[in-house]
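Novice: Enclosed is the structure file data_34.cif (mmCIF, C-alpha atoms).
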data_entry
loop_
_atom_site.label_atom_id
_atom_site.label_comp_id
_atom_site.auth_asym_id
_atom_site.auth_seq_id
_atom_site.Cartn_x
_atom_site.Cartn_y
_atom_site.Cartn_z
CA MET P 2 -85.07 22.76 104.19
CA ALA P 3 -85.12 20.54 107.21
CA GLY P 4 -88.11 18.31 107.35
CA LEU P 5 -88.68 18.04 103.61
CA PRO P 6 -89.95 14.62 102.53
CA GLY P 7 -87.99 12.29 100.25
CA PRO P 8 -88.36 12.37 96.47
CA SER P 9 -91.89 12.54 95.08
CA PRO P 10 -93.17 12.80 91.55
CA THR P 11 -94.43 16.36 92.07
CA VAL P 12 -91.92 17.99 94.46
CA PRO P 13 -88.23 17.80 93.53
CA THR P 14 -85.85 17.11 96.40
CA PRO P 15 -83.83 20.24 97.25
CA ARG P 16 -80.07 20.02 97.13
CA PRO P 17 -78.58 21.28 100.41
CA ASN P 18 -75.93 23.99 100.28
CA ARG P 19 -76.73 24.77 96.67
CA GLU P 20 -75.98 28.36 95.81
CA VAL P 21 -78.12 29.93 93.14
CA PRO P 22 -77.00 33.25 91.68
CA VAL P 23 -79.71 35.83 91.74
CA ASN P 24 -80.81 36.65 88.21
CA ARG P 25 -81.89 40.19 88.92
CA ILE P 26 -79.59 42.61 90.68
CA LEU P 27 -81.09 45.09 93.12
CA ARG P 28 -79.07 47.99 94.42
CA LEU P 29 -80.02 48.07 98.07
CA VAL P 30 -78.67 51.48 98.88
CA ALA P 31 -80.81 52.95 96.12
CA LEU P 32 -83.97 53.15 98.17
CA PRO P 33 -86.58 55.44 96.78
CA ALA P 34 -84.58 58.29 98.21
CA VAL P 35 -86.20 61.54 99.07
CA VAL P 36 -84.41 63.88 96.73
CA GLY P 37 -85.14 67.51 97.17
CA ALA P 38 -87.24 67.26 100.32
CA VAL P 39 -87.20 70.57 102.17
CA LEU P 40 -86.81 70.02 105.87
CA VAL P 41 -86.52 73.46 107.43
CA GLY P 42 -88.15 74.90 110.48
CA CYS P 43 -88.93 78.46 111.35
CA SER P 44 -85.89 80.39 112.60
CA SER P 45 -83.59 83.22 111.57
CA THR P 46 -81.00 80.71 110.29
CA THR P 47 -81.85 77.74 108.10
CA VAL P 48 -82.06 74.82 110.52
CA ILE P 49 -83.12 71.32 109.56
CA ASP P 50 -86.43 70.38 111.16
CA ALA P 51 -85.64 67.07 112.91
CA GLU P 52 -89.31 66.05 113.08
CA LYS P 53 -89.76 66.57 109.32
CA ALA P 54 -86.60 64.55 108.66
CA GLU P 55 -87.84 61.74 110.89
CA THR P 56 -91.23 61.70 109.15
CA GLU P 57 -89.62 61.62 105.69
CA ILE P 58 -87.33 58.75 106.67
CA GLU P 59 -90.26 56.76 108.07
CA SER P 60 -92.10 57.36 104.80
CA VAL P 61 -89.15 56.31 102.61
CA LEU P 62 -88.63 53.14 104.65
CA GLY P 63 -92.35 52.35 104.73
CA ASP P 64 -92.56 52.68 100.94
CA ALA P 65 -89.70 50.15 100.70
CA GLY P 66 -91.41 47.69 103.04
CA VAL P 67 -89.25 48.36 106.11
CA ASP P 68 -91.25 49.24 109.24
CA ALA P 69 -89.54 51.64 111.63
CA SER P 70 -90.62 51.77 115.26
CA SER P 71 -88.59 54.94 115.80
CA VAL P 72 -86.44 57.44 113.93
CA THR P 73 -84.29 59.95 115.78
CA CYS P 74 -82.53 62.84 114.05
CA PRO P 75 -80.32 65.44 115.69
CA THR P 76 -81.83 68.84 116.43
CA ASP P 77 -80.33 72.24 115.62
CA VAL P 78 -78.49 71.09 112.48
CA GLU P 79 -77.82 74.12 110.31
CA ALA P 80 -78.34 73.65 106.57
CA ALA P 81 -75.01 73.74 104.74
CA GLU P 82 -74.68 72.39 101.22
CA GLY P 83 -72.75 69.11 101.06
CA GLU P 84 -72.83 68.47 104.80
CA THR P 85 -74.31 65.25 106.13
CA PHE P 86 -75.79 63.97 109.36
CA ASP P 87 -77.10 60.59 110.46
CA CYS P 88 -80.51 59.76 111.83
CA GLU P 89 -80.86 56.60 113.89
CA VAL P 90 -83.58 54.17 112.85
CA THR P 91 -84.90 51.29 114.94
CA THR P 92 -87.09 48.78 113.15
CA VAL P 93 -90.06 46.95 114.64
CA ASP P 94 -87.85 43.88 115.08
CA GLY P 95 -85.28 45.88 117.08
CA VAL P 96 -82.57 46.39 114.43
CA THR P 97 -80.85 49.80 114.68
CA PHE P 98 -79.01 51.47 111.80
CA PRO P 99 -78.22 54.94 110.44
CA MET P 100 -79.87 56.75 107.55
CA VAL P 101 -77.64 59.37 105.96
CA VAL P 102 -79.09 62.82 105.28
CA THR P 103 -77.06 64.93 102.83
CA MET P 104 -77.86 68.62 102.45
CA ALA P 105 -78.30 69.51 98.79
CA ASP P 106 -78.22 73.27 99.45
CA ASP P 107 -78.19 75.89 102.19
CA GLU P 108 -81.99 76.17 102.13
CA GLY P 109 -82.79 72.81 103.76
CA THR P 110 -83.21 70.63 100.67
CA VAL P 111 -81.86 67.16 101.49
CA ASP P 112 -81.26 63.70 100.04
CA ILE P 113 -81.91 60.68 102.27
CA ALA P 114 -80.21 57.32 101.73
CA SER P 115 -79.32 54.21 103.68
CA SER P 116 -75.76 53.69 104.81
CA PRO P 117 -73.65 51.39 102.60
CA ASP P 118 -72.77 49.47 105.76
CA VAL P 119 -76.30 48.17 106.24
CA VAL P 120 -78.59 46.12 104.04
CA LEU P 121 -82.28 46.90 104.23
CA MET P 122 -84.44 43.89 103.57
CA THR P 123 -86.95 45.73 101.41
CA SER P 124 -90.06 44.00 100.10
CA GLN P 125 -88.32 43.73 96.70
CA VAL P 126 -85.26 42.03 98.17
CA MET P 127 -87.40 39.66 100.23
CA GLN P 128 -89.50 38.65 97.22
CA LEU P 129 -86.45 38.14 95.02
CA ALA P 130 -84.73 35.98 97.64
CA ALA P 131 -87.92 34.01 98.41
CA ASP P 132 -88.36 33.23 94.70
CA GLU P 133 -84.79 31.90 94.50
CA ILE P 134 -85.19 29.76 97.64
CA ALA P 135 -88.58 28.47 96.44
CA ALA P 136 -86.91 27.31 93.22
CA GLN P 137 -84.34 25.39 95.28
CA ALA P 138 -86.92 23.89 97.65
CA GLY P 139 -89.43 23.04 94.94
CA GLU P 140 -92.25 24.70 96.85
CA ASP P 141 -93.47 28.13 97.84
CA VAL P 142 -91.72 29.49 100.90
CA GLU P 143 -92.05 32.38 103.28
CA LEU P 144 -88.69 33.97 103.97
CA LEU P 145 -88.13 35.34 107.48
CA CYS P 146 -85.19 37.76 107.75
CA PRO P 147 -84.26 40.68 109.96
CA SER P 148 -85.45 43.99 108.52
CA ALA P 149 -81.86 45.23 108.33
CA ALA P 150 -78.41 43.78 108.86
CA PRO P 151 -74.87 45.14 109.03
CA LEU P 152 -72.52 44.68 106.08
CA ASP P 153 -68.84 45.50 105.65
CA ALA P 154 -68.79 48.19 102.93
CA GLY P 155 -71.80 46.55 101.28
CA THR P 156 -70.45 43.00 101.41
CA GLY P 157 -71.46 40.13 103.69
CA SER P 158 -74.23 37.70 104.41
CA VAL P 159 -77.57 37.66 106.18
CA ALA P 160 -79.00 34.58 107.92
CA CYS P 161 -82.71 33.95 107.38
CA THR P 162 -85.24 31.16 107.77
CA ALA P 163 -87.42 29.76 105.00
CA GLU P 164 -90.74 28.13 105.90
CA GLY P 165 -92.63 25.95 103.46
CA ALA P 166 -95.35 23.33 103.51
CA SER P 167 -92.83 20.57 104.24
CA GLY P 168 -90.81 22.30 106.95
CA ALA P 169 -88.36 25.06 107.71
CA GLY P 170 -84.70 25.54 106.95
CA SER P 171 -81.81 27.95 107.14
CA VAL P 172 -81.04 30.34 104.32
CA THR P 173 -78.01 32.54 103.70
CA LEU P 174 -78.30 35.62 101.50
CA GLY P 175 -75.02 36.90 100.04
CA PHE P 176 -74.35 40.55 99.25
CA GLU P 177 -71.52 42.23 97.35
CA ASP P 178 -71.24 45.98 96.91
CA GLY P 179 -74.74 46.36 98.35
CA GLN P 180 -76.28 43.96 95.83
CA LEU P 181 -78.00 40.64 96.49
CA VAL P 182 -75.85 38.13 94.59
CA SER P 183 -76.80 34.73 96.01
CA ALA P 184 -79.39 32.87 98.01
CA THR P 185 -78.35 29.55 99.54
CA LEU P 186 -80.61 26.95 101.11
CA ASP P 187 -78.40 25.45 103.83
#
Let me see the structure of the file written as structure tokens.
Specialist:
Amino acid sequence: MAGLPGPSPTVPTPRPNREVPVNRILRLVALPAVVGAVLVGCSSTTVIDAEKAETEIESVLGDAGVDASSVTCPTDVEAAEGETFDCEVTTVDGVTFPMVVTMADDEGTVDIASSPDVVLMTSQVMQLAADEIAAQAGEDVELLCPSAAPLDAGTGSVACTAEGASGAGSVTLGFEDGQLVSATLD
């Protein structure tokens, strides 16, 4: 981290650009998905209630530590087993991404999951990454990352900032197949 002091007997000097594999693997697309939620409104055909879908998505994201400022789902979607539709989520920090709603039956029961092309920086992911960076820096850090970031089929990197008692520095989190695999203090 930039601004860290030189060697001291109590705080080891971090090694820049050191990549530390993450010991625990977290499947990011496996949010606590709403499985079996019934999202139907009142009509002669089974139509997904967009407001119920939006509320469920906000709840799922909130439980995972991701704050949504808005969720927008299409209206007049007829329930048809196996069909999917996307709802657009915008987080409080302005990141926009889709949540995928898959219809489990023709009665309005749905499964909700994040897209594999986006990583959600859940509270679990943030804590795991912060612990890895703290080990590199030799001090407790607060990790500041966007709440979501695009990935290419679950693979890519996310730029973050780590702040500690001795300064701040750049951090890169690496993802493969939707899993956090490395945390690097640049």
Novice: With a distance cut-off of 8 Å and only C-alpha atoms, select the neighbouring residues of stretch 172-179 of chain P, excluding the residue or stretch itself and same-chain residues fewer than 3 positions from it, and output the selection as a list in words.
Specialist: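 Everything that qualifies: Arg28, Leu29, Val30, Pro117, Val120, Ala130, Ile134, Ala154, Gly155, Thr156, Gly157, Ser158, Val159, Ala160, Cys161, Thr162, Ala163, Val182, Ser183, Ala184, Thr185, Leu186 and Asp187 of chain P.
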Novice: Rounded to one decimal in Å, what is the spacing between atom CA of P:Leu152 and atom CA of P:Ala131?
Specialist: 20.2 Å
Novice: Rank nothing, just name the residue among P:Pro99, P:Gly165, P:Gly66, P:Pro151 nearest to P:Ser115, using all atoms listed in the file.
Specialist: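 Closest to P:Ser115 of all the choices is P:Pro99.
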Novice: Please provide the set of residues having any atom within 8 Å of P:Asp141, restricted to all atoms listed in the file, with same-chain residues fewer than 6 positions apart removed, written as a VMD selection string.
Specialist: chain P and resid 132 135 165 to 166
Novice: Quick one: everything within 10 Å of P:Cys88, counting all atoms listed in the file, minus sequence neighbours fewer than 3 positions away in the same chain. Send it as a list of chain:residue names.
Specialist: P:Ala51, P:Ala54, P:Glu55, P:Ile58, P:Val72, P:Thr73, P:Cys74, P:Pro75, P:Phe98, P:Pro99, P:Met100, P:Val101, P:Val102, P:Ile113, P:Ser115
Novice: Print the selection's residues with C-alpha atoms to a file, as a PDB file, keeping the file's coordinate frame.
Specialist:
ATOM      1  CA  ALA P  51     -85.640  67.070 112.910  1.00  0.00           C
ATOM      2  CA  ALA P  54     -86.600  64.550 108.660  1.00  0.00           C
ATOM      3  CA  GLU P  55     -87.840  61.740 110.890  1.00  0.00           C
ATOM      4  CA  ILE P  58     -87.330  58.750 106.670  1.00  0.00           C
ATOM      5  CA  VAL P  72     -86.440  57.440 113.930  1.00  0.00           C
ATOM      6  CA  THR P  73     -84.290  59.950 115.780  1.00  0.00           C
ATOM      7  CA  CYS P  74     -82.530  62.840 114.050  1.00  0.00           C
ATOM      8  CA  PRO P  75     -80.320  65.440 115.690  1.00  0.00           C
ATOM      9  CA  PHE P  98     -79.010  51.470 111.800  1.00  0.00           C
ATOM     10  CA  PRO P  99     -78.220  54.940 110.440  1.00  0.00           C
ATOM     11  CA  MET P 100     -79.870  56.750 107.550  1.00  0.00           C
ATOM     12  CA  VAL P 101     -77.640  59.370 105.960  1.00  0.00           C
ATOM     13  CA  VAL P 102     -79.090  62.820 105.280  1.00  0.00           C
ATOM     14  CA  ILE P 113     -81.910  60.680 102.270  1.00  0.00           C
ATOM     15  CA  SER P 115     -79.320  54.210 103.680  1.00  0.00           C
TER      16      SER P 115
END
Novice: Record the distance separating atom CA of P:Met122 and atom CA of P:Leu181, expressed in Å with one decimal.
Specialist: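 So the answer is 10.1 Å.
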Novice: What's the 10 Å shell around P:Val96, counting only C-alpha atoms, without same-chain residues fewer than 4 positions away, as a ChimeraX atom specification?
Specialist: /P:69-70,90-92,147-151
Novice: Could you tell me how far atom CA of P:Asp64 lies from atom CA of P:Val48, in Å and to one decimal?
Specialist: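 Result for atom CA of P:Asp64 versus atom CA of P:Val48: 26.3 Å, one decimal.
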Novice: Ranking P:Asp68, P:Thr47, P:Thr56, P:Met127 by minimum distance to P:Met104 and counting all atoms listed in the file, which one comes first?
Specialist: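 Smallest distance to P:Met104 is found for P:Thr47.
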Novice: Give me the residues near P:Ala81 as a VMD selection string, where near means some atom within 10 Å (using all atoms listed in the file) and where sequence neighbours in that chain fewer than 5 positions away do not count.
Specialist: chain P and resid 47 to 49 103 to 110
Novice: May I ask which of the residues P:Asp94, P:Glu164, P:Glu57, P:Asp50 is the closest one to P:Glu79, counting all atoms listed in the file?
Specialist: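 Distance minimum relative to P:Glu79 lands on P:Asp50.
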Novice: Using all atoms listed in the file, pick whichever of P:Asp153, P:Lys53, P:Gly170, P:Gln180 has the shortest atom-to-atom distance to P:Asp118.
Specialist: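 Result for the nearest residue to P:Asp118: P:Asp153.
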Novice: Between P:Gln128, P:Ser167, P:Thr97, P:Thr123, which one has atoms that come closest to P:Val61, using all atoms listed in the file?
Specialist: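 Among the listed residues, P:Thr123 lies closest to P:Val61.
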Novice: Choose the residue, out of P:Gln137, P:Leu129, P:Ser171, P:Ala114, that has the smallest atom-to-atom separation from P:Phe86; count all atoms listed in the file.
Specialist: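 Of the candidates, the smallest distance to P:Phe86 is held by P:Ala114.
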